[in-house]
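The data block below is model_20.csv; it holds CSV, C-alpha atoms.
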chain,number,residue,atom,x,y,z
Y,1,MET,CA,-6.9,36.9,0.8
Y,2,ILE,CA,-4.6,35.3,3.4
Y,3,CYS,CA,-3.7,32.7,0.9
Y,4,ILE,CA,-2.5,35.2,-1.7
Y,5,ILE,CA,-0.5,37.1,0.9
Y,6,ALA,CA,1.0,34.0,2.3
Y,7,CYS,CA,2.0,32.7,-1.2
Y,8,ALA,CA,3.6,36.0,-2.1
Y,9,LEU,CA,5.6,36.0,1.1
Y,10,ALA,CA,6.6,32.4,0.6
Y,11,VAL,CA,7.9,32.7,-3.0
Y,12,GLY,CA,9.7,35.9,-2.0
Y,13,LYS,CA,11.5,34.0,0.7
Y,14,LYS,CA,12.3,31.1,-1.6
Y,15,LYS,CA,13.8,33.5,-4.0
Y,16,LYS,CA,16.6,34.1,-1.5
Y,17,LYS,CA,17.1,30.5,-0.6
Y,18,THR,CA,16.7,28.3,-3.7
Y,19,ARG,CA,17.9,28.9,-7.2
Y,20,ASP,CA,17.8,26.3,-10.0
Y,21,VAL,CA,20.7,26.5,-12.3
Y,22,SER,CA,19.0,24.0,-14.6
Y,23,ALA,CA,16.4,26.6,-15.5
Y,24,GLY,CA,19.2,28.4,-17.3
Y,25,SER,CA,19.7,25.5,-19.6
Y,26,LEU,CA,23.1,24.4,-18.4
Y,27,LEU,CA,24.3,20.9,-18.9
Y,28,VAL,CA,27.4,18.8,-18.1
Y,29,SER,CA,27.6,16.8,-21.3
Y,30,ASN,CA,29.2,13.7,-19.7
Y,31,MET,CA,27.2,12.2,-16.8
Y,32,ALA,CA,28.9,8.8,-16.9
Y,33,GLY,CA,30.4,7.5,-13.7
Y,34,ILE,CA,28.0,9.2,-11.3
Y,35,LYS,CA,27.8,7.1,-8.1
Y,36,PHE,CA,24.8,6.8,-5.8
Y,37,VAL,CA,26.2,8.3,-2.6
Y,38,PRO,CA,25.5,6.7,0.8
Y,39,GLU,CA,23.1,9.5,1.7
Y,40,GLY,CA,21.1,8.7,-1.4
Y,41,ARG,CA,20.9,5.0,-0.6
Y,42,ALA,CA,20.0,5.7,3.0
Y,43,SER,CA,17.2,8.0,1.8
Y,44,VAL,CA,15.7,5.2,-0.4
Y,45,TYR,CA,15.8,2.6,2.3
Y,46,SER,CA,14.3,5.0,4.8
Y,47,PHE,CA,11.5,6.2,2.4
Y,48,VAL,CA,10.5,2.6,1.8
Y,49,LEU,CA,10.6,1.9,5.6
Y,50,GLY,CA,8.3,4.9,6.2
Y,51,LEU,CA,6.0,3.7,3.4
Y,52,GLY,CA,5.9,0.3,5.0
Y,53,ALA,CA,3.6,1.6,7.7
Y,54,VAL,CA,0.8,1.4,5.1
Y,55,CYS,CA,1.0,-2.4,5.4
Y,56,ILE,CA,-0.5,-2.4,8.9
Y,57,PRO,CA,-4.0,-0.9,8.1
Y,58,LEU,CA,-4.0,-2.8,4.8
Y,59,LEU,CA,-3.4,-6.1,6.7
Y,60,SER,CA,-6.2,-5.1,9.1
Y,61,ALA,CA,-8.6,-4.4,6.2
Y,62,ALA,CA,-7.7,-7.4,4.2
Y,63,GLY,CA,-8.0,-9.7,7.2
Y,64,SER,CA,-11.2,-8.4,8.5
Y,65,ASP,CA,-12.7,-11.8,8.2
Y,66,ILE,CA,-9.8,-13.6,9.7
Y,67,ALA,CA,-10.0,-14.3,13.4
Y,68,TRP,CA,-6.4,-13.8,14.3
Y,69,VAL,CA,-6.2,-10.5,12.4
Y,70,GLN,CA,-9.3,-9.2,14.2
Y,71,THR,CA,-7.8,-10.2,17.5
Y,72,LEU,CA,-4.4,-8.7,16.7
Y,73,LEU,CA,-5.4,-5.5,14.9
Y,74,PRO,CA,-9.0,-4.3,15.8
Y,75,GLY,CA,-9.7,-0.6,15.7
Y,76,ILE,CA,-7.5,1.2,18.2
Y,77,ARG,CA,-4.9,-1.5,18.1
Y,78,THR,CA,-4.2,-0.8,14.5
Y,79,LYS,CA,-3.4,2.8,15.4
Y,80,ILE,CA,-1.2,1.6,18.2
Y,81,ALA,CA,0.6,-0.8,15.9
Y,82,ILE,CA,1.3,2.0,13.5
Y,83,ALA,CA,2.8,4.1,16.3
Y,84,VAL,CA,4.9,1.2,17.5
Y,85,TYR,CA,6.1,0.5,13.9
Y,86,VAL,CA,7.1,4.2,13.4
Y,87,ALA,CA,8.9,4.3,16.7
Y,88,SER,CA,10.7,1.0,15.9
Y,89,VAL,CA,11.8,2.3,12.5
Y,90,ASN,CA,13.2,5.4,14.1
Y,91,GLY,CA,15.1,3.3,16.5
Y,92,LEU,CA,16.4,1.2,13.6
Y,93,LEU,CA,17.6,4.3,11.8
Y,94,LEU,CA,19.4,5.5,14.9
Y,95,VAL,CA,21.3,2.2,15.0
Y,96,LEU,CA,22.1,2.1,11.3
Y,97,TYR,CA,22.9,5.8,10.7
Y,98,LYS,CA,24.8,8.4,12.6
Y,99,GLY,CA,25.1,12.2,12.3
Y,100,PRO,CA,24.1,13.8,9.0
Y,101,VAL,CA,23.1,10.5,7.4
Y,102,TYR,CA,20.6,9.9,10.2
Y,103,GLN,CA,19.2,13.4,9.5
Y,104,VAL,CA,18.7,12.4,5.9
Y,105,ALA,CA,17.2,9.1,6.8
Y,106,VAL,CA,14.6,10.5,9.3
Y,107,ARG,CA,13.4,13.1,6.8
Y,108,ALA,CA,13.1,10.5,4.0
Y,109,CYS,CA,11.3,8.1,6.4
Y,110,PHE,CA,8.8,10.9,7.3
Y,111,LEU,CA,8.2,11.6,3.6
Y,112,GLY,CA,7.6,7.9,2.9
Y,113,PHE,CA,5.2,7.7,5.8
Y,114,ALA,CA,3.3,10.8,4.6
Y,115,PHE,CA,3.2,9.3,1.1
Y,116,GLY,CA,1.8,6.1,2.5
Y,117,CYS,CA,-0.8,7.9,4.6
Y,118,GLY,CA,-1.8,9.9,1.5
Y,119,LEU,CA,-2.4,6.6,-0.4
Y,120,LEU,CA,-4.6,5.3,2.3
Y,121,VAL,CA,-6.7,8.5,2.4
Y,122,SER,CA,-6.8,8.6,-1.4
Y,123,PHE,CA,-8.4,5.2,-1.7
Y,124,SER,CA,-10.6,5.5,1.4
Y,125,LYS,CA,-14.3,5.7,0.9
Y,126,THR,CA,-14.6,9.3,2.1
Y,127,SER,CA,-14.7,12.7,0.6
Y,128,TRP,CA,-11.2,13.4,1.8
Y,129,GLY,CA,-9.7,11.5,-1.2
Y,130,PRO,CA,-8.3,14.6,-3.0
Y,131,PHE,CA,-6.4,15.6,0.2
Y,132,GLY,CA,-4.8,12.2,0.1
Y,133,TRP,CA,-3.6,12.7,-3.4
Y,134,TYR,CA,-2.3,16.1,-2.3
Y,135,MET,CA,-0.3,14.5,0.5
Y,136,CYS,CA,1.2,12.0,-2.0
Y,137,SER,CA,2.0,14.9,-4.4
Y,138,LEU,CA,3.7,17.0,-1.8
Y,139,SER,CA,5.7,14.3,-0.1
Y,140,PHE,CA,6.9,12.8,-3.3
Y,141,PHE,CA,7.9,16.2,-4.7
Y,142,HIS,CA,10.1,16.9,-1.7
Y,143,TYR,CA,11.6,13.4,-1.6
Y,144,SER,CA,12.3,13.3,-5.3
Y,145,GLU,CA,14.1,16.6,-5.2
Y,146,TYR,CA,16.6,15.0,-2.9
Y,147,LEU,CA,16.8,11.7,-4.7
Y,148,VAL,CA,17.4,13.2,-8.1
Y,149,THR,CA,20.0,15.6,-6.7
Y,150,ALA,CA,21.7,12.6,-5.1
Y,151,ILE,CA,21.9,10.9,-8.5
Y,152,ILE,CA,22.9,13.8,-10.7
Y,153,ASN,CA,24.9,16.1,-8.5
Y,154,PRO,CA,26.0,14.5,-5.2
Y,155,ARG,CA,28.6,17.1,-4.6
Y,156,SER,CA,25.8,19.7,-4.0
Y,157,LEU,CA,23.7,17.3,-1.9
Y,158,SER,CA,22.6,18.5,1.6
Y,159,LEU,CA,19.6,18.5,3.8
Y,160,ASP,CA,18.5,21.6,1.9
Y,161,SER,CA,18.0,19.4,-1.2
Y,162,PHE,CA,14.7,18.2,0.3
Y,163,LEU,CA,13.4,21.8,0.1
Y,164,LEU,CA,11.8,21.2,3.4
Y,165,ASN,CA,13.5,24.0,5.3
Y,166,HIS,CA,11.6,26.9,3.9
Y,167,SER,CA,10.6,29.9,5.8
Y,168,LEU,CA,7.7,30.5,8.1
Y,169,GLU,CA,6.0,32.3,5.2
Y,170,TYR,CA,6.3,29.1,3.1
Y,171,LYS,CA,4.7,27.1,5.9
Y,172,VAL,CA,1.9,29.6,6.3
Y,173,ALA,CA,1.2,29.4,2.6
Y,174,ALA,CA,1.0,25.6,2.8
Y,175,VAL,CA,-1.1,25.6,5.9
Y,176,SER,CA,-3.5,28.2,4.3
Y,177,SER,CA,-4.3,25.7,1.6
Y,178,TRP,CA,-5.1,23.0,4.2
Y,179,VAL,CA,-7.3,25.5,6.1
Y,180,GLU,CA,-9.1,26.5,3.0
Y,181,PHE,CA,-9.8,22.9,2.0
Y,182,THR,CA,-11.1,22.0,5.5
Y,183,VAL,CA,-13.2,25.1,6.0
Y,184,GLU,CA,-14.8,25.0,2.6
Y,185,LYS,CA,-15.4,21.2,3.0
Y,186,LEU,CA,-17.2,21.9,6.2
Y,187,LEU,CA,-19.1,25.0,5.2
Y,188,PHE,CA,-19.7,24.3,1.5
Y,189,PRO,CA,-19.5,20.5,1.1
Y,190,GLU,CA,-21.1,20.7,-2.4
Y,191,LEU,CA,-17.8,22.3,-3.6
Y,192,LYS,CA,-15.7,19.4,-2.5
Y,193,PRO,CA,-14.9,17.1,-4.1
Y,194,LEU,CA,-15.5,17.8,-7.7
Y,195,ALA,CA,-14.2,14.7,-9.2
Y,196,TRP,CA,-13.4,16.1,-12.7
Y,197,LEU,CA,-11.7,19.1,-11.3
Y,198,SER,CA,-9.6,17.1,-8.8
Y,199,ALA,CA,-8.6,14.8,-11.7
Y,200,LEU,CA,-7.5,17.8,-13.7
Y,201,GLY,CA,-5.4,19.0,-10.8
Y,202,LEU,CA,-3.8,15.6,-10.4
Y,203,LEU,CA,-3.0,15.5,-14.1
Y,204,MET,CA,-1.3,19.0,-13.8
Y,205,VAL,CA,0.6,17.7,-10.8
Y,206,LEU,CA,1.9,14.6,-12.7
Y,207,ILE,CA,2.8,16.6,-15.8
Y,208,GLY,CA,4.6,19.3,-13.8
Y,209,GLU,CA,6.5,16.8,-11.7
Y,210,CYS,CA,7.6,14.8,-14.7
Y,211,LEU,CA,8.7,18.0,-16.5
Y,212,ARG,CA,10.7,19.3,-13.6
Y,213,LYS,CA,12.5,16.0,-12.9
Y,214,SER,CA,13.2,15.6,-16.7
Y,215,ALA,CA,14.8,19.1,-16.6
Y,216,MET,CA,16.9,18.1,-13.6
Y,217,LEU,CA,18.1,14.9,-15.2
Y,218,THR,CA,18.8,16.7,-18.5
Y,219,ALA,CA,20.8,19.3,-16.7
Y,220,GLY,CA,22.8,16.6,-14.9
Y,221,SER,CA,25.5,17.5,-12.5
Y,222,ASN,CA,25.1,21.1,-13.5
Y,223,PHE,CA,21.8,21.3,-11.6
Y,224,ASN,CA,22.0,23.0,-8.3
Y,225,HIS,CA,19.4,24.4,-6.0
Y,226,ILE,CA,21.8,27.3,-5.3
Y,227,VAL,CA,22.5,29.5,-8.3
Y,228,GLN,CA,26.1,29.4,-9.7
Y,229,ASN,CA,27.3,32.9,-10.6
Y,230,GLU,CA,30.6,31.8,-12.1
Y,231,LYS,CA,30.8,29.7,-15.3
Y,232,ALA,CA,32.6,26.4,-14.9
Y,233,GLN,CA,34.6,24.9,-17.7
Y,234,SER,CA,32.2,22.0,-17.9
Y,235,HIS,CA,29.2,24.3,-18.5
Y,236,VAL,CA,27.7,24.1,-22.0
Y,237,LEU,CA,24.5,25.4,-23.5
Y,238,VAL,CA,22.0,22.6,-24.1
Y,239,THR,CA,19.1,23.0,-26.4
Y,240,ALA,CA,18.1,19.3,-26.7
Y,241,GLY,CA,15.4,17.3,-24.9
Y,242,VAL,CA,12.9,19.3,-22.8
Y,243,TYR,CA,15.1,22.4,-23.3
Y,244,SER,CA,14.1,22.3,-27.0
Y,245,TRP,CA,10.5,23.0,-25.8
Y,246,PHE,CA,11.1,25.6,-23.1
Y,247,ARG,CA,14.1,27.6,-22.0
Y,248,HIS,CA,13.2,27.1,-18.3
Y,249,PRO,CA,11.5,23.6,-18.1
Y,250,SER,CA,12.2,23.1,-14.4
Y,251,TYR,CA,10.4,26.3,-13.6
Y,252,VAL,CA,7.5,25.5,-16.0
Y,253,GLY,CA,7.1,22.1,-14.2
Y,254,TRP,CA,7.2,23.7,-10.7
Y,255,PHE,CA,4.7,26.4,-11.8
Y,256,TYR,CA,2.1,24.0,-13.0
Y,257,TRP,CA,2.8,21.5,-10.3
Y,258,SER,CA,2.1,24.1,-7.5
Y,259,ILE,CA,-1.1,25.4,-9.2
Y,260,GLY,CA,-2.2,21.8,-9.8
Y,261,THR,CA,-2.0,20.9,-6.1
Y,262,GLN,CA,-4.6,23.6,-5.4
Y,263,VAL,CA,-6.8,22.6,-8.4
Y,264,LEU,CA,-6.6,19.1,-7.0
Y,265,LEU,CA,-7.9,20.3,-3.7
Y,266,CYS,CA,-10.6,22.5,-5.4
Y,267,ASN,CA,-9.3,25.5,-3.5
Y,268,PRO,CA,-10.4,28.6,-5.5
Y,269,LEU,CA,-8.6,31.2,-3.3
Y,270,CYS,CA,-5.3,29.3,-3.3
Y,271,VAL,CA,-5.5,28.6,-7.0
Y,272,LEU,CA,-5.6,32.3,-7.6
Y,273,GLY,CA,-3.0,33.0,-4.9
Y,274,TYR,CA,-0.5,30.4,-6.0
Y,275,ALA,CA,-0.9,31.4,-9.7
Y,276,LEU,CA,-0.3,35.1,-9.1
Y,277,ALA,CA,2.5,34.7,-6.6
Y,278,SER,CA,4.3,32.0,-8.7
Y,279,TRP,CA,4.0,33.9,-11.9
Y,280,ARG,CA,5.5,37.0,-10.3
Y,281,PHE,CA,8.3,35.0,-8.7
Y,282,PHE,CA,9.3,33.2,-11.9
Y,283,ARG,CA,9.1,36.4,-14.0
Y,284,GLU,CA,11.7,38.0,-11.8
Y,285,ARG,CA,13.8,34.9,-11.4
Y,286,ILE,CA,14.0,34.3,-15.2
Y,287,GLU,CA,15.0,37.9,-15.9
Y,288,GLU,CA,17.8,37.7,-13.3
Y,289,GLU,CA,19.1,34.4,-14.5
Y,290,GLU,CA,19.1,35.2,-18.2
Y,291,ILE,CA,21.4,38.1,-17.5
Y,292,THR,CA,23.9,35.5,-16.2
Y,293,LEU,CA,23.2,33.2,-19.0
Y,294,ILE,CA,23.9,35.9,-21.6
Y,295,HIS,CA,27.1,36.6,-19.8
Y,296,PHE,CA,28.0,32.9,-19.9
Y,297,PHE,CA,27.1,32.2,-23.5
Y,298,GLY,CA,26.7,35.5,-25.3
Y,299,GLU,CA,25.3,35.3,-28.8
Y,300,ASP,CA,24.7,31.5,-28.5
Y,301,TYR,CA,22.2,32.1,-25.8
Y,302,LEU,CA,20.6,35.1,-27.5
Y,303,GLU,CA,20.0,33.0,-30.6
Y,304,TYR,CA,18.5,30.2,-28.5
Y,305,LYS,CA,16.4,32.7,-26.6
Y,306,SER,CA,15.0,34.0,-29.9
Y,307,LYS,CA,13.8,30.6,-31.0
Y,308,VAL,CA,12.6,28.9,-27.8
Y,309,PRO,CA,10.0,30.4,-25.4
Y,310,THR,CA,10.3,30.4,-21.6
Y,311,GLY,CA,7.2,28.1,-21.3
Y,312,LEU,CA,5.5,30.3,-18.8
Y,313,PRO,CA,2.5,32.5,-19.8
Y,314,PHE,CA,3.2,36.1,-20.6
Y,315,ILE,CA,6.9,35.8,-19.5
Y,316,THR,CA,9.4,36.5,-22.3
Y,317,GLY,CA,12.5,36.8,-20.2
Y,318,ILE,CA,15.1,39.6,-20.2
Y,319,LYS,CA,14.5,42.2,-22.8
Y,320,MET,CA,17.6,43.3,-24.7
Y,321,GLU,CA,18.1,46.9,-25.9
Y,322,PRO,CA,18.6,47.1,-29.7
Spell out the structure here as structure tokens.
Amino acid sequence: MICIIACALAVGKKKKKTRDVSAGSLLVSNMAGIKFVPEGRASVYSFVLGLGAVCIPLLSAAGSDIAWVQTLLPGIRTKIAIAVYVASVNGLLLVLYKGPVYQVAVRACFLGFAFGCGLLVSFSKTSWGPFGWYMCSLSFFHYSEYLVTAIINPRSLSLDSFLLNHSLEYKVAAVSSWVEFTVEKLLFPELKPLAWLSALGLLMVLIGECLRKSAMLTAGSNFNHIVQNEKAQSHVLVTAGVYSWFRHPSYVGWFYWSIGTQVLLCNPLCVLGYALASWRFFRERIEEEEITLIHFFGEDYLEYKSKVPTGLPFITGIKMEP
């Protein structure tokens, strides 16, 4: 039950800190002229540098029959080489970037390193493979939130765009899924891994990730992790693209992505906990945001609402009195 409680606390905290305007189907119609800001470029370079750490164990494995590789990178030396590489990259980032840009770079580098480690675990010949895919899913989600924001709405870009600075409750929710996976793997190894179930979870993660990022790109510079309560002149109601499928595609993507991470890990308790907590969170969020959207767009939004579903099970949105 700790998983369910932690998830509920986490989404409750997130409700105060992150709000997606794109979920309200707002779009700036002209996205031309958007520039990739320096923070965005720094994040790309740093993510790739972090990912580069993967090359060291790959070189060691590929050169296992090569004398000089065995001499240079045997066993413990591979681990030392990775540590030296990470420290060197951090030193390089300190030289290249200062102040806020360095803070962006070091976070992107960490996420790239985590993604690379996830790839290594995923393709290793161990039963920890699903956890490797989970690492890839989690690190890419957080990095891509920042990257896409840098592309579509650089004016709102900040360290918060990584969505890493969640509350203690959020961290407890994440850690609880790691604990469940590890404990069940040790006590009930026959439950992990179930290849077909992990494959289903990975598919849910990929679909959810693609749907959310498609919603962000469709919303363009109108997307913001912090809700906008005042209508700007550039705001228009969009009903095309993924918004013709669902009224809140970014929430639909996030909902199924989060559940998919736990299906991927074959975590029965956290699957239930994440599903219940996420459903409750998005039900309340959608009802609140649709009040604002009706205020913004009036009858146009009510007509759109009558034709297009929210995309989330058993959530219809705000109910209007006749």
Sorted per-residue table, stretch 114-187 of chain Y near stretch 256-270 of chain Y, closest atoms and distance, 7 Å, all atoms listed in the file, as a tab-separated table:
residue	atom	partner	partner_atom	distance
Y:Pro130	CA	Y:Leu265	CA	5.8
Y:Phe131	CA	Y:Leu265	CA	6.3
Y:Tyr134	CA	Y:Thr261	CA	6.1
Y:Ser177	CA	Y:Cys270	CA	6.2
Y:Glu180	CA	Y:Asn267	CA	6.6
Y:Phe181	CA	Y:Asn267	CA	6.1
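Of the residues listed (Y:Val172, Y:Val44, Y:Leu59, Y:Ala81), Y:Val44 shows the shortest atom-to-atom separation from Y:Cys109; distances use only C-alpha atoms.
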Select, from Y:Ile80, Y:Val106, Y:Ile56, Y:Met204, the residue with the minimum atom-to-atom distance to Y:Leu94, counting all atoms listed in the file.
Y:Val106
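Of the listed residues (Y:Leu51, Y:Val236, Y:Ile315, Y:Ala215), Y:Ala215 comes nearest to Y:Thr149; the distances count only C-alpha atoms.
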Between atom CA of Y:Glu230 and atom CA of Y:Asn153, what is the spacing in Å?
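Answer for the atom CA of Y:Asn153 to atom CA of Y:Glu230 separation: 17.1 Å.
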Report the distance between atom CA of Y:Gly99 and atom CA of Y:Asp160 in Å, rounded to one decimal place.
15.5 Å
Slice of the block: stretch 90-179 of chain Y, C-alpha atoms, as a compact mmCIF listing (two decimals), in the first residue's frame:
# COMPACT_ATOMS: atom_id res chain seq x y z
CA ASN Y 90 31.84 17.72 -15.61
CA GLY Y 91 35.09 19.67 -15.68
CA LEU Y 92 34.55 20.43 -19.36
CA LEU Y 93 31.03 21.67 -18.68
CA LEU Y 94 32.38 23.95 -15.93
CA VAL Y 95 34.78 25.47 -18.45
CA LEU Y 96 32.25 25.82 -21.26
CA TYR Y 97 29.23 27.04 -19.32
CA LYS Y 98 28.66 29.38 -16.44
CA GLY Y 99 25.82 30.04 -14.02
CA PRO Y 100 22.32 28.95 -15.10
CA VAL Y 101 23.53 27.38 -18.36
CA TYR Y 102 25.89 25.11 -16.40
CA GLN Y 103 22.96 24.05 -14.23
CA VAL Y 104 21.11 23.07 -17.40
CA ALA Y 105 24.15 21.28 -18.81
CA VAL Y 106 24.88 19.20 -15.72
CA ARG Y 107 21.25 18.02 -15.52
CA ALA Y 108 21.16 17.11 -19.19
CA CYS Y 109 24.49 15.30 -18.85
CA PHE Y 110 23.17 13.31 -15.89
CA LEU Y 111 20.06 12.33 -17.86
CA GLY Y 112 22.19 11.31 -20.84
CA PHE Y 113 24.38 9.20 -18.56
CA ALA Y 114 21.29 7.58 -17.00
CA PHE Y 115 19.89 6.88 -20.47
CA GLY Y 116 23.17 5.26 -21.50
CA CYS Y 117 23.31 3.13 -18.35
CA GLY Y 118 19.74 2.07 -19.06
CA LEU Y 119 20.74 0.93 -22.55
CA LEU Y 120 23.60 -1.13 -21.15
CA VAL Y 121 21.35 -2.80 -18.59
CA SER Y 122 18.62 -3.36 -21.19
CA PHE Y 123 20.88 -5.31 -23.51
CA SER Y 124 22.77 -7.14 -20.79
CA LYS Y 125 22.27 -10.85 -20.41
CA THR Y 126 20.59 -10.55 -17.02
CA SER Y 127 17.06 -10.47 -15.66
CA TRP Y 128 17.46 -6.75 -14.94
CA GLY Y 129 16.72 -5.89 -18.57
CA PRO Y 130 13.26 -4.36 -17.90
CA PHE Y 131 14.75 -2.03 -15.30
CA GLY Y 132 17.18 -0.82 -17.94
CA TRP Y 133 14.32 0.08 -20.27
CA TYR Y 134 12.66 1.82 -17.34
CA MET Y 135 15.81 3.90 -16.81
CA CYS Y 136 15.79 4.86 -20.47
CA SER Y 137 12.10 5.76 -20.35
CA LEU Y 138 12.39 7.90 -17.24
CA SER Y 139 15.54 9.77 -18.24
CA PHE Y 140 14.33 10.44 -21.79
CA PHE Y 141 10.96 11.67 -20.55
CA HIS Y 142 12.53 14.28 -18.30
CA TYR Y 143 15.11 15.38 -20.85
CA SER Y 144 12.63 15.61 -23.72
CA GLU Y 145 10.31 17.76 -21.58
CA TYR Y 146 13.10 20.32 -21.41
CA LEU Y 147 14.21 19.95 -25.02
CA VAL Y 148 10.74 20.32 -26.54
CA THR Y 149 10.02 23.31 -24.31
CA ALA Y 150 13.29 24.88 -25.52
CA ILE Y 151 12.09 24.46 -29.09
CA ILE Y 152 8.47 25.55 -28.82
CA ASN Y 153 8.40 28.05 -25.96
CA PRO Y 154 11.89 29.26 -24.96
CA ARG Y 155 10.45 32.22 -23.06
CA SER Y 156 9.05 29.83 -20.44
CA LEU Y 157 12.21 27.71 -20.30
CA SER Y 158 13.74 27.16 -16.87
CA LEU Y 159 15.33 24.40 -14.80
CA ASP Y 160 11.79 23.45 -13.78
CA SER Y 161 11.18 22.41 -17.41
CA PHE Y 162 13.11 19.20 -16.70
CA LEU Y 163 10.36 18.31 -14.20
CA LEU Y 164 13.10 16.94 -11.95
CA ASN Y 165 12.46 19.22 -9.00
CA HIS Y 166 9.39 17.48 -7.71
CA SER Y 167 8.54 17.08 -4.07
CA LEU Y 168 9.75 14.53 -1.58
CA GLU Y 169 6.45 12.69 -2.13
CA TYR Y 170 7.19 12.38 -5.83
CA LYS Y 171 10.61 10.93 -5.09
CA VAL Y 172 9.09 8.48 -2.61
CA ALA Y 173 6.64 7.36 -5.29
CA ALA Y 174 9.48 6.73 -7.73
CA VAL Y 175 11.65 4.97 -5.17
CA SER Y 176 8.71 2.79 -4.12
CA SER Y 177 8.56 1.38 -7.64
CA TRP Y 178 12.28 0.59 -7.54
CA VAL Y 179 11.88 -1.06 -4.15
